[in-house]
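protein14.txt follows (compact mmCIF, C-alpha atoms (C1' of nucleotides)):
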```txt
# COMPACT_ATOMS: atom_id res chain seq x y z
CA MET K 1 3.50 -0.52 -5.19
CA SER K 2 3.03 -3.44 -7.51
CA GLY K 3 6.13 -5.32 -8.58
CA GLY K 4 4.86 -5.32 -12.16
CA VAL K 5 5.70 -1.62 -12.44
CA GLU K 6 9.39 -2.45 -12.50
CA TRP K 7 8.87 -4.97 -15.28
CA GLY K 8 6.79 -2.55 -17.31
CA LEU K 9 9.45 0.12 -17.07
CA HIS K 10 12.20 -2.27 -18.14
CA CYS K 11 10.08 -3.35 -21.09
CA CYS K 12 9.47 0.21 -22.19
CA VAL K 13 13.20 0.97 -22.03
CA VAL K 14 14.23 -1.96 -24.22
CA LEU K 15 11.28 -1.30 -26.54
CA SER K 16 12.42 2.28 -27.10
CA GLY K 17 13.92 2.56 -30.55
CA SER K 18 12.92 -0.94 -31.54
CA GLY K 19 11.28 -0.64 -34.95
CA GLU K 20 9.72 -4.08 -35.20
CA PRO K 21 7.20 -5.43 -32.69
CA VAL K 22 8.52 -7.74 -29.96
CA PRO K 23 6.45 -10.69 -28.67
CA ALA K 24 5.61 -10.79 -24.98
CA ALA K 25 7.28 -14.17 -24.59
CA LYS K 26 10.53 -12.70 -25.88
CA LEU K 27 10.39 -9.86 -23.38
CA ALA K 28 9.73 -12.34 -20.58
CA GLU K 29 12.67 -14.51 -21.55
CA PHE K 30 14.94 -11.51 -21.83
CA HIS K 31 14.10 -10.35 -18.32
CA ASP K 32 13.77 -13.89 -16.92
CA VAL K 33 10.32 -13.30 -15.47
CA SER K 34 7.01 -15.13 -15.62
CA PRO K 35 5.58 -14.92 -19.17
CA SER K 36 1.94 -15.06 -18.08
CA TYR K 37 2.25 -12.30 -15.55
CA LEU K 38 4.28 -10.05 -17.83
CA ALA K 39 1.58 -10.49 -20.46
CA LYS K 40 -0.93 -9.05 -18.03
CA GLN K 41 1.24 -6.00 -17.44
CA LEU K 42 1.66 -5.47 -21.16
CA GLN K 43 -2.12 -5.64 -21.55
CA LEU K 44 -2.41 -2.82 -19.01
CA LEU K 45 0.14 -0.77 -20.92
CA SER K 46 -1.77 -1.43 -24.11
CA ARG K 47 -5.08 -0.42 -22.54
CA ALA K 48 -3.46 2.86 -21.41
CA GLY K 49 -2.31 3.54 -24.96
CA LEU K 50 1.41 3.46 -24.19
CA VAL K 51 2.18 0.43 -26.36
CA ARG K 52 0.55 -0.88 -29.50
CA SER K 53 -0.03 -4.57 -30.08
CA THR K 54 0.01 -6.18 -33.51
CA GLN K 55 -1.50 -9.62 -33.73
CA GLY K 56 -0.74 -12.56 -35.93
CA GLN K 57 2.57 -14.03 -36.90
CA SER K 58 5.59 -11.81 -36.31
CA GLY K 59 3.40 -9.71 -34.09
CA GLY K 60 4.22 -8.22 -30.72
CA TYR K 61 4.44 -4.99 -28.79
CA GLY K 62 5.91 -1.62 -29.67
CA LEU K 63 5.76 1.89 -28.25
CA THR K 64 3.07 4.17 -29.66
CA ARG K 65 4.91 7.40 -28.94
CA PRO K 66 8.54 8.53 -29.01
CA PRO K 67 10.24 7.51 -25.72
CA ALA K 68 10.78 11.16 -24.85
CA GLU K 69 7.00 11.60 -24.67
CA ILE K 70 6.37 8.73 -22.23
CA THR K 71 6.95 9.57 -18.59
CA VAL K 72 7.61 7.17 -15.75
CA LEU K 73 4.35 8.35 -14.21
CA ASP K 74 2.48 7.19 -17.31
CA VAL K 75 3.77 3.66 -16.81
CA VAL K 76 3.18 3.67 -13.05
CA GLU K 77 -0.42 4.85 -13.42
CA ALA K 78 -1.10 2.45 -16.27
CA ILE K 79 -0.12 -0.56 -14.15
CA ASP K 80 -0.85 0.51 -10.59
CA GLY K 81 -3.82 2.76 -11.29
CA SER K 82 -4.11 6.47 -10.71
CA ARG K 83 -5.97 6.38 -7.41
CA PRO K 84 -4.19 8.26 -4.62
CA ALA K 85 -2.85 6.12 -1.79
CA PHE K 86 -4.74 8.04 0.90
CA ARG K 87 -8.52 8.15 1.03
CA CYS K 88 -10.22 10.46 3.51
CA THR K 89 -13.09 8.76 5.37
CA GLU K 90 -14.43 12.02 6.81
CA VAL K 91 -13.78 11.18 10.43
CA ARG K 92 -14.69 14.74 11.39
CA ARG K 93 -18.31 14.06 10.44
CA ARG K 94 -18.66 11.19 12.89
CA GLY K 95 -18.85 10.87 16.65
CA PRO K 96 -20.64 12.89 19.33
CA LEU K 97 -19.09 16.20 18.25
CA ALA K 98 -19.49 15.62 14.52
CA ALA K 99 -18.88 18.66 12.38
CA PRO K 100 -22.01 19.94 10.62
CA PRO K 101 -22.11 19.44 6.83
CA GLU K 102 -21.98 23.16 6.12
CA LYS K 103 -18.49 23.26 7.65
CA CYS K 104 -17.23 20.38 5.53
CA LEU K 105 -17.27 22.06 2.15
CA THR K 106 -13.49 22.01 1.89
CA PRO K 107 -11.46 18.82 2.40
CA CYS K 108 -10.06 18.43 5.88
CA SER K 109 -6.50 19.49 6.62
CA ILE K 110 -5.21 15.93 6.84
CA ALA K 111 -6.55 15.12 3.38
CA ARG K 112 -4.97 18.27 2.01
CA VAL K 113 -1.54 17.35 3.37
CA MET K 114 -1.77 13.84 1.98
CA ASP K 115 -2.93 15.16 -1.37
CA ALA K 116 -0.02 17.58 -1.57
CA ALA K 117 2.45 14.79 -0.83
CA ASP K 118 0.83 12.63 -3.48
CA ARG K 119 1.13 15.42 -6.02
CA ALA K 120 4.82 15.89 -5.17
CA TRP K 121 5.39 12.19 -5.71
CA ARG K 122 3.63 12.22 -9.06
CA GLU K 123 5.43 15.36 -10.20
CA SER K 124 8.73 13.71 -9.44
CA LEU K 125 7.82 10.72 -11.59
CA ARG K 126 6.40 12.90 -14.34
CA ALA K 127 9.73 14.69 -14.72
CA VAL K 128 11.53 11.59 -16.04
CA THR K 129 10.85 10.00 -19.42
CA ILE K 130 11.65 6.61 -20.90
CA ALA K 131 14.23 8.33 -23.09
CA ASP K 132 15.95 9.65 -19.96
CA LEU K 133 16.09 6.14 -18.54
CA ALA K 134 17.50 4.74 -21.76
CA GLY K 135 20.16 7.44 -21.84
CA GLU K 136 21.10 6.69 -18.26
CA VAL K 137 21.54 3.01 -19.07
CA GLY K 138 23.92 3.92 -21.88
CA ARG K 139 25.91 6.15 -19.57
CA THR K 140 26.34 3.69 -16.70
CA SER K 141 26.54 0.34 -18.50
CA GLY K 142 28.09 1.43 -21.78
CA PRO K 143 26.44 2.65 -24.98
CA GLU K 144 26.49 -0.78 -26.61
CA THR K 145 24.37 -2.38 -23.86
CA LEU K 146 21.02 -1.20 -25.14
CA ALA K 147 21.90 -1.92 -28.76
CA ARG K 148 22.84 -5.50 -27.93
CA ALA K 149 19.57 -5.94 -26.05
CA ARG K 150 17.55 -4.74 -29.03
CA ALA K 151 19.49 -6.99 -31.37
CA TRP K 152 18.81 -9.99 -29.12
CA LEU K 153 15.10 -9.21 -29.11
CA GLN K 154 14.96 -9.22 -32.93
CA THR K 155 16.34 -12.76 -33.23
CA MET X 1 -1.77 3.19 2.69
CA SER X 2 -3.39 1.81 5.82
CA GLY X 3 -6.62 3.43 6.97
CA GLY X 4 -5.28 3.50 10.52
CA VAL X 5 -2.99 6.37 9.55
CA GLU X 6 -5.96 8.69 9.35
CA TRP X 7 -7.13 7.64 12.80
CA GLY X 8 -3.68 8.09 14.28
CA LEU X 9 -3.40 11.59 12.89
CA HIS X 10 -6.81 12.61 14.22
CA CYS X 11 -5.87 11.24 17.64
CA CYS X 12 -2.61 13.19 17.71
CA VAL X 13 -4.45 16.39 16.79
CA VAL X 14 -7.01 16.11 19.57
CA LEU X 15 -4.31 14.97 21.98
CA SER X 16 -2.24 18.09 21.29
CA GLY X 17 -2.49 20.42 24.22
CA SER X 18 -4.35 17.93 26.37
CA GLY X 19 -2.58 17.90 29.72
CA GLU X 20 -4.15 14.81 31.21
CA PRO X 21 -3.95 11.38 29.59
CA VAL X 22 -6.94 10.22 27.53
CA PRO X 23 -8.04 6.55 27.49
CA ALA X 24 -8.11 4.75 24.18
CA ALA X 25 -11.79 3.93 24.61
CA LYS X 26 -12.56 7.63 24.89
CA LEU X 27 -10.68 8.41 21.70
CA ALA X 28 -12.53 5.61 19.92
CA GLU X 29 -15.93 6.88 21.06
CA PHE X 30 -15.05 10.42 20.07
CA HIS X 31 -14.12 9.36 16.54
CA ASP X 32 -16.79 6.64 16.32
CA VAL X 33 -14.36 3.90 15.35
CA SER X 34 -13.65 0.38 16.61
CA PRO X 35 -12.08 0.65 20.09
CA SER X 36 -9.99 -2.51 19.81
CA TYR X 37 -8.56 -1.58 16.46
CA LEU X 38 -7.77 1.97 17.46
CA ALA X 39 -5.94 0.53 20.46
CA LYS X 40 -3.64 -1.27 18.06
CA GLN X 41 -2.80 1.94 16.23
CA LEU X 42 -2.09 3.67 19.51
CA GLN X 43 0.23 0.83 20.43
CA LEU X 44 2.19 1.49 17.25
CA LEU X 45 2.41 5.18 18.09
CA SER X 46 3.57 4.28 21.58
CA ARG X 47 6.20 1.90 20.24
CA ALA X 48 7.50 4.67 18.00
CA GLY X 49 7.80 6.99 20.99
CA LEU X 50 5.26 9.53 19.77
CA VAL X 51 2.77 9.00 22.60
CA ARG X 52 3.27 7.90 26.18
CA SER X 53 0.87 5.54 27.91
CA THR X 54 0.07 5.67 31.62
CA GLN X 55 -1.66 2.68 33.10
CA GLY X 56 -4.06 2.21 35.96
CA GLN X 57 -7.08 4.19 36.90
CA SER X 58 -7.35 7.59 35.21
CA GLY X 59 -4.65 6.47 32.78
CA GLY X 60 -4.52 6.86 29.01
CA TYR X 61 -2.42 8.32 26.21
CA GLY X 62 -0.67 11.64 25.82
CA LEU X 63 1.88 13.13 23.45
CA THR X 64 5.51 12.83 24.48
CA ARG X 65 6.69 15.91 22.60
CA PRO X 66 5.23 19.32 21.82
CA PRO X 67 2.91 19.05 18.78
CA ALA X 68 5.19 21.35 16.82
CA GLU X 69 7.93 18.69 17.05
CA ILE X 70 5.83 15.82 15.67
CA THR X 71 5.56 15.69 11.91
CA VAL X 72 2.93 13.96 9.83
CA LEU X 73 5.70 11.75 8.48
CA ASP X 74 6.43 10.54 12.01
CA VAL X 75 2.87 9.30 12.39
CA VAL X 76 2.73 7.76 8.92
CA GLU X 77 5.97 5.85 9.41
CA ALA X 78 4.99 4.74 12.90
CA ILE X 79 1.78 3.11 11.65
CA ASP X 80 2.55 2.15 8.07
CA GLY X 81 6.26 1.42 8.46
CA SER X 82 9.17 3.23 6.90
CA ARG X 83 9.89 0.86 4.04
CA PRO X 84 9.81 2.56 0.63
CA ALA X 85 6.97 1.56 -1.68
CA PHE X 86 9.29 0.49 -4.49
CA ARG X 87 11.79 -2.32 -4.13
CA CYS X 88 14.28 -2.96 -6.91
CA THR X 89 14.56 -6.66 -7.78
CA GLU X 90 17.69 -6.18 -9.91
CA VAL X 91 16.13 -7.24 -13.18
CA ARG X 92 19.27 -6.13 -15.00
CA ARG X 93 21.21 -8.99 -13.40
CA ARG X 94 18.91 -11.64 -14.81
CA GLY X 95 18.22 -13.08 -18.21
CA PRO X 96 20.50 -14.05 -21.11
CA LEU X 97 22.17 -10.63 -21.30
CA ALA X 98 22.55 -10.16 -17.55
CA ALA X 99 24.75 -7.29 -16.51
CA PRO X 100 27.99 -8.40 -14.80
CA PRO X 101 28.22 -7.67 -11.06
CA GLU X 102 31.05 -5.17 -11.51
CA LYS X 103 28.67 -2.93 -13.46
CA CYS X 104 25.98 -3.04 -10.77
CA LEU X 105 27.77 -1.10 -8.07
CA THR X 106 25.33 1.80 -8.31
CA PRO X 107 21.55 1.31 -8.13
CA CYS X 108 19.87 1.12 -11.52
CA SER X 109 18.28 4.22 -13.01
CA ILE X 110 14.74 3.04 -12.36
CA ALA X 111 15.46 2.55 -8.66
CA ARG X 112 17.02 6.02 -8.50
CA VAL X 113 13.93 7.65 -9.99
CA MET X 114 11.62 5.80 -7.62
CA ASP X 115 13.81 6.65 -4.68
CA ALA X 116 13.79 10.34 -5.58
CA ALA X 117 10.00 10.33 -5.80
CA ASP X 118 9.76 8.58 -2.46
CA ARG X 119 12.02 11.20 -0.88
CA ALA X 120 9.89 14.00 -2.32
CA TRP X 121 6.78 12.39 -0.81
CA ARG X 122 8.40 12.03 2.59
CA GLU X 123 9.78 15.56 2.53
CA SER X 124 6.31 16.88 1.84
CA LEU X 125 4.93 15.01 4.84
CA ARG X 126 7.86 16.03 7.02
CA ALA X 127 7.14 19.70 6.40
CA VAL X 128 3.82 19.61 8.26
CA THR X 129 3.51 19.14 12.02
CA ILE X 130 0.64 18.20 14.31
CA ALA X 131 0.61 21.80 15.51
CA ASP X 132 0.07 22.94 11.92
CA LEU X 133 -2.89 20.59 11.58
CA ALA X 134 -4.39 21.78 14.85
CA GLY X 135 -4.04 25.39 13.76
CA GLU X 136 -5.70 24.60 10.45
CA VAL X 137 -8.65 23.04 12.24
CA GLY X 138 -9.10 26.18 14.30
CA ARG X 139 -8.97 28.31 11.17
CA THR X 140 -11.51 26.34 9.11
CA SER X 141 -13.93 25.05 11.75
CA GLY X 142 -13.68 27.82 14.30
CA PRO X 143 -11.25 28.28 17.20
CA GLU X 144 -13.66 26.78 19.73
CA THR X 145 -13.88 23.43 17.92
CA LEU X 146 -10.65 21.98 19.27
CA ALA X 147 -11.27 23.32 22.77
CA ARG X 148 -14.69 21.69 22.90
CA ALA X 149 -13.20 18.40 21.74
CA ARG X 150 -10.58 18.48 24.48
CA ALA X 151 -13.20 19.34 27.07
CA TRP X 152 -15.35 16.42 25.94
CA LEU X 153 -12.39 14.05 26.23
CA GLN X 154 -11.76 15.09 29.81
CA THR X 155 -15.25 14.18 30.99
C1' DG G 1 -2.19 -3.23 53.47
C1' DT G 2 -5.79 -5.00 50.67
C1' DC G 3 -9.01 -4.84 47.26
C1' DA G 4 -11.07 -3.70 43.12
C1' DA G 5 -11.42 -1.38 38.97
C1' DC G 6 -9.34 0.35 35.16
C1' DT G 7 -5.69 0.65 31.86
C1' DC G 8 -2.38 -0.94 28.26
C1' DG G 9 -0.09 -4.87 25.85
C1' DG G 10 0.43 -8.69 22.91
C1' DA G 11 -1.44 -12.90 20.86
C1' DC G 12 -5.10 -14.58 18.04
C1' DA G 13 -8.77 -15.34 13.91
C1' DG G 14 -11.56 -13.63 9.79
C1' DG G 15 -11.72 -11.45 5.43
C1' DA G 16 -10.57 -8.58 1.55
C1' DC G 17 -7.34 -7.30 -1.86
C1' DG G 18 -3.84 -8.02 -5.10
C1' DG G 19 -0.17 -11.16 -7.05
C1' DG G 20 0.21 -14.86 -10.09
C1' DT G 21 -1.43 -18.58 -13.41
C1' DC G 22 -4.06 -20.79 -16.85
C1' DC G 23 -6.97 -21.57 -20.84
C1' DG G 24 -10.24 -20.40 -24.59
C1' DT G 25 -11.05 -16.90 -28.30
C1' DG G 26 -10.13 -13.99 -32.13
C1' DG G 27 -7.21 -11.97 -35.53
C1' DC G 28 -3.06 -11.62 -38.66
C1' DA G 29 0.62 -13.36 -41.75
C1' DC G 30 2.34 -16.85 -44.43
C1' DG C 1 -5.95 -23.33 -44.51
C1' DT C 2 -2.60 -23.39 -40.85
C1' DG C 3 0.19 -21.85 -37.35
C1' DC C 4 1.47 -18.11 -34.44
C1' DC C 5 0.41 -14.42 -31.29
C1' DA C 6 -2.27 -11.00 -28.53
C1' DC C 7 -6.48 -10.48 -25.81
C1' DG C 8 -9.87 -11.25 -22.19
C1' DG C 9 -11.70 -13.60 -18.53
C1' DA C 10 -11.92 -17.00 -14.79
C1' DC C 11 -9.45 -19.09 -11.25
C1' DC C 12 -6.29 -20.19 -7.07
C1' DC C 13 -3.21 -18.70 -3.58
C1' DG C 14 -0.56 -15.95 -0.40
C1' DT C 15 -0.33 -11.83 2.21
C1' DC C 16 -1.63 -7.87 4.50
C1' DC C 17 -5.19 -5.21 6.68
C1' DT C 18 -9.11 -5.26 9.72
C1' DG C 19 -11.06 -6.56 13.88
C1' DT C 20 -11.37 -9.06 18.46
C1' DC C 21 -10.09 -11.22 22.53
C1' DC C 22 -8.02 -12.08 27.08
C1' DG C 23 -4.09 -11.55 30.34
C1' DA C 24 -0.50 -8.51 32.94
C1' DG C 25 0.33 -4.46 35.28
C1' DT C 26 -0.78 -0.22 37.68
C1' DT C 27 -3.31 3.08 40.10
C1' DG C 28 -6.51 4.86 43.36
C1' DA C 29 -9.71 4.13 47.11
C1' DC C 30 -10.92 2.13 51.48
```
Could you show the structure in this file as C-alpha cells?
Amino acid sequence: MSGGVEWGLHCCVVLSGSGEPVPAAKLAEFHDVSPSYLAKQLQLLSRAGLVRSTQGQSGGYGLTRPPAEITVLDVVEAIDGSRPAFRCTEVRRRGPLAAPPEKCLTPCSIARVMDAADRAWRESLRAVTIADLAGEVGRTSGPETLARARAWLQT
Amino acid sequence: MSGGVEWGLHCCVVLSGSGEPVPAAKLAEFHDVSPSYLAKQLQLLSRAGLVRSTQGQSGGYGLTRPPAEITVLDVVEAIDGSRPAFRCTEVRRRGPLAAPPEKCLTPCSIARVMDAADRAWRESLRAVTIADLAGEVGRTSGPETLARARAWLQT
DNA sequence: GTCAACTCGGACAGGACGGGTCCGTGGCAC
DNA sequence: GTGCCACGGACCCGTCCTGTCCGAGTTGAC
C-alpha cells in the first residue's frame, strides 16, 4: 500500500471540524512531510470529492462532508485506487488441457477466494470513519490534542 | 500482489493427491508459463516447507502435507511474504506539535484500523485450503478434470 | 563402480511500476 | 494590479517484479 495513504488519513483527521480552509503547505509543515508529495495526495482526495479546494489568497483544503460520513476506505481508495490486489489471468484456459470457454462462465475458485478476502478487507475499512479516528485520538492523547492542532493550523 | 501467487496456487491444486513427484518443467508446460520463473516460485514454496523437492532422475515436487492442511494463506505468504501492507511511520511523533514518547506506548488509531483490516484479509484466506479448491474444481469443471490433469503430469 | 542424464538451487540482468520532485498555469482575494 | 495558492502535467529515480542463466547435487542405468 502506498505510504501516502497514511498522510491522507492524518490530514483528514486534523481537517475534521476545521471551519476555514487550510493550505497544503501548512498541512505538510504540521506533519513534517514533503510539501510537494503531500500536495499530490491532496489532489487525489480532491478528485475523489472528499475534500474541497478553494483557490486564491487564504485558500486551502477542507472536508466536503461531515467526518462521520467519510470512511477510511474512501480515503484508501481515493489515493491507492480501487482496483483489487489480485487479478486472475485465467490460467485454466491455457496449456495442453485448457478448459473450454463454455466451462469458464463463472470465475475460477482461486479468484473467488481472493475476491472474498478483498471484500472482507474493504468491509473492515468501511466500518471506521474519520470521526471515529478523531474520537480515538482524543481518548488516547487527551481531548485538547486535536483542538491545539486545529488552532496551530489556523495561525 | 505478485502474479506468481496465482501460479503457486494452481500448482498446489494439481499437485494435491499426486503420489509421485512432478518436475517443475512439467508444471510449467501444463500451465503454459515460463519454466524458469515458475521454478523460482516453487523454490519459495519449498523454502516455506509447503512442497518437498526430490532431485535426480524422475525427481520433482510434491506436497509435504495433506492438501486439507495447507491454506491459501500459507501459499500467499510463502510467495509474497508475510509483511503487512500498511506500515505506520509514526507521523504523530513528528512536526511542531509532536506527541511526547510517553503518549505513544500504544499504536496509533490509524495503524490499529489497518491492522484489523489486514487480519480480516488473512483470516479469510486462512479459512480456505488447497483441498477446498480442488473440490471446487471438481464441482464446477467436472470430477474427471483433476484426474486427467494428474494423469497428464505423470506421463 | 562409473557414467550420464536429469533435477533443483541460487546468483544474475532487464524492465515496468510507483514514489517523489519540480515548474508553469489559472483563479481568487486583497 | 499584485501576490498568494491550488491544479495539472512532465520529469527523474529507486525499487520490486519478471525473466533467464549456469552450477551443484542426486538418481538411475549399465
Self-check item: Residue nearest chain X - candidates G:DG1, G:DG18, G:DG26, G:DG9, atoms counted: only C-alpha atoms (C1' of nucleotides)
Solution: G:DG9
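Neighbouring residues of DG14 (chain G) at 10 Å or closer, counting only C-alpha atoms (C1' of nucleotides) and skipping chain neighbours under 3 positions away, are DT18, DG19 and DT20 of chain C.
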Take the residues from that selection and put them in a file with C-alpha atoms (C1' of nucleotides), as a short mmCIF file (atom, residue, chain, number, x, y, z; two decimals), in the frame of the given file.
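Dumped to result.cif:
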```cif
data_model
loop_
_atom_site.label_atom_id
_atom_site.label_comp_id
_atom_site.auth_asym_id
_atom_site.auth_seq_id
_atom_site.Cartn_x
_atom_site.Cartn_y
_atom_site.Cartn_z
"C1'" DT C 18 -9.11 -5.26 9.72
"C1'" DG C 19 -11.06 -6.56 13.88
"C1'" DT C 20 -11.37 -9.06 18.46
#
```
Quiz item: From the list K:Trp152, K:Tyr37, K:Trp121, K:Phe86, which residue is nearest chain G when using all atoms listed in the file?
Solution: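 The shortest atom-to-atom distance to chain G comes from K:Tyr37.
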Write out as a CSV table (one decimal) with C-alpha atoms (C1' of nucleotides), keeping the file's coordinate frame each polymer residue whose atoms come within 12 Å of DA10 (chain C), counting all atoms listed in the file; drop sequence neighbours fewer than 3 positions from it.
```
chain,number,residue,atom,x,y,z
G,21,DT,C1',-1.4,-18.6,-13.4
G,22,DC,C1',-4.1,-20.8,-16.8
G,23,DC,C1',-7.0,-21.6,-20.8
G,24,DG,C1',-10.2,-20.4,-24.6
```
Quiz prompt | For CA of Asp80 (chain X) and CA of Leu45 (chain X), the interatomic separation in Å (one decimal) | solution = 10.5 Å
Near chain G, which residues of chain X fall within 8 Å when you count all atoms listed in the file, and what do they look like as a compact mmCIF listing (two decimals) with C-alpha atoms, in the coordinates of the input?
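Once written, iface.txt looks like this:
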```txt
# COMPACT_ATOMS: atom_id res chain seq x y z
CA PRO X 23 -8.04 6.55 27.49
CA GLN X 43 0.23 0.83 20.43
CA SER X 53 0.87 5.54 27.91
CA THR X 54 0.07 5.67 31.62
CA GLN X 55 -1.66 2.68 33.10
CA GLY X 56 -4.06 2.21 35.96
CA GLN X 57 -7.08 4.19 36.90
CA SER X 58 -7.35 7.59 35.21
CA GLY X 59 -4.65 6.47 32.78
CA GLY X 60 -4.52 6.86 29.01
```
Exercise. Tell me the residues of chain K close to chain X, meaning within 9 Å using only C-alpha atoms, as a PyMOL selection string.
Key: chain K and resi 1-3+5-7+9-10+28-33+72+85-89+91-99+103-104+106+108-111+113-114+116-125+128+133-134+136-137+140-141+145+148-149+152
Same residues, C-alpha atoms, output as a PDB file, keeping the file's coordinate frame:
```pdb
ATOM      1  CA  MET K   1       3.500  -0.520  -5.190  1.00  0.00           C
ATOM      2  CA  SER K   2       3.030  -3.440  -7.510  1.00  0.00           C
ATOM      3  CA  GLY K   3       6.130  -5.320  -8.580  1.00  0.00           C
ATOM      4  CA  VAL K   5       5.700  -1.620 -12.440  1.00  0.00           C
ATOM      5  CA  GLU K   6       9.390  -2.450 -12.500  1.00  0.00           C
ATOM      6  CA  TRP K   7       8.870  -4.970 -15.280  1.00  0.00           C
ATOM      7  CA  LEU K   9       9.450   0.120 -17.070  1.00  0.00           C
ATOM      8  CA  HIS K  10      12.200  -2.270 -18.140  1.00  0.00           C
ATOM      9  CA  ALA K  28       9.730 -12.340 -20.580  1.00  0.00           C
ATOM     10  CA  GLU K  29      12.670 -14.510 -21.550  1.00  0.00           C
ATOM     11  CA  PHE K  30      14.940 -11.510 -21.830  1.00  0.00           C
ATOM     12  CA  HIS K  31      14.100 -10.350 -18.320  1.00  0.00           C
ATOM     13  CA  ASP K  32      13.770 -13.890 -16.920  1.00  0.00           C
ATOM     14  CA  VAL K  33      10.320 -13.300 -15.470  1.00  0.00           C
ATOM     15  CA  VAL K  72       7.610   7.170 -15.750  1.00  0.00           C
ATOM     16  CA  ALA K  85      -2.850   6.120  -1.790  1.00  0.00           C
ATOM     17  CA  PHE K  86      -4.740   8.040   0.900  1.00  0.00           C
ATOM     18  CA  ARG K  87      -8.520   8.150   1.030  1.00  0.00           C
ATOM     19  CA  CYS K  88     -10.220  10.460   3.510  1.00  0.00           C
ATOM     20  CA  THR K  89     -13.090   8.760   5.370  1.00  0.00           C
ATOM     21  CA  VAL K  91     -13.780  11.180  10.430  1.00  0.00           C
ATOM     22  CA  ARG K  92     -14.690  14.740  11.390  1.00  0.00           C
ATOM     23  CA  ARG K  93     -18.310  14.060  10.440  1.00  0.00           C
ATOM     24  CA  ARG K  94     -18.660  11.190  12.890  1.00  0.00           C
ATOM     25  CA  GLY K  95     -18.850  10.870  16.650  1.00  0.00           C
ATOM     26  CA  PRO K  96     -20.640  12.890  19.330  1.00  0.00           C
ATOM     27  CA  LEU K  97     -19.090  16.200  18.250  1.00  0.00           C
ATOM     28  CA  ALA K  98     -19.490  15.620  14.520  1.00  0.00           C
ATOM     29  CA  ALA K  99     -18.880  18.660  12.380  1.00  0.00           C
ATOM     30  CA  LYS K 103     -18.490  23.260   7.650  1.00  0.00           C
ATOM     31  CA  CYS K 104     -17.230  20.380   5.530  1.00  0.00           C
ATOM     32  CA  THR K 106     -13.490  22.010   1.890  1.00  0.00           C
ATOM     33  CA  CYS K 108     -10.060  18.430   5.880  1.00  0.00           C
ATOM     34  CA  SER K 109      -6.500  19.490   6.620  1.00  0.00           C
ATOM     35  CA  ILE K 110      -5.210  15.930   6.840  1.00  0.00           C
ATOM     36  CA  ALA K 111      -6.550  15.120   3.380  1.00  0.00           C
ATOM     37  CA  VAL K 113      -1.540  17.350   3.370  1.00  0.00           C
ATOM     38  CA  MET K 114      -1.770  13.840   1.980  1.00  0.00           C
ATOM     39  CA  ALA K 116      -0.020  17.580  -1.570  1.00  0.00           C
ATOM     40  CA  ALA K 117       2.450  14.790  -0.830  1.00  0.00           C
ATOM     41  CA  ASP K 118       0.830  12.630  -3.480  1.00  0.00           C
ATOM     42  CA  ARG K 119       1.130  15.420  -6.020  1.00  0.00           C
ATOM     43  CA  ALA K 120       4.820  15.890  -5.170  1.00  0.00           C
ATOM     44  CA  TRP K 121       5.390  12.190  -5.710  1.00  0.00           C
ATOM     45  CA  ARG K 122       3.630  12.220  -9.060  1.00  0.00           C
ATOM     46  CA  GLU K 123       5.430  15.360 -10.200  1.00  0.00           C
ATOM     47  CA  SER K 124       8.730  13.710  -9.440  1.00  0.00           C
ATOM     48  CA  LEU K 125       7.820  10.720 -11.590  1.00  0.00           C
ATOM     49  CA  VAL K 128      11.530  11.590 -16.040  1.00  0.00           C
ATOM     50  CA  LEU K 133      16.090   6.140 -18.540  1.00  0.00           C
ATOM     51  CA  ALA K 134      17.500   4.740 -21.760  1.00  0.00           C
ATOM     52  CA  GLU K 136      21.100   6.690 -18.260  1.00  0.00           C
ATOM     53  CA  VAL K 137      21.540   3.010 -19.070  1.00  0.00           C
ATOM     54  CA  THR K 140      26.340   3.690 -16.700  1.00  0.00           C
ATOM     55  CA  SER K 141      26.540   0.340 -18.500  1.00  0.00           C
ATOM     56  CA  THR K 145      24.370  -2.380 -23.860  1.00  0.00           C
ATOM     57  CA  ARG K 148      22.840  -5.500 -27.930  1.00  0.00           C
ATOM     58  CA  ALA K 149      19.570  -5.940 -26.050  1.00  0.00           C
ATOM     59  CA  TRP K 152      18.810  -9.990 -29.120  1.00  0.00           C
TER      60      TRP K 152
END
```
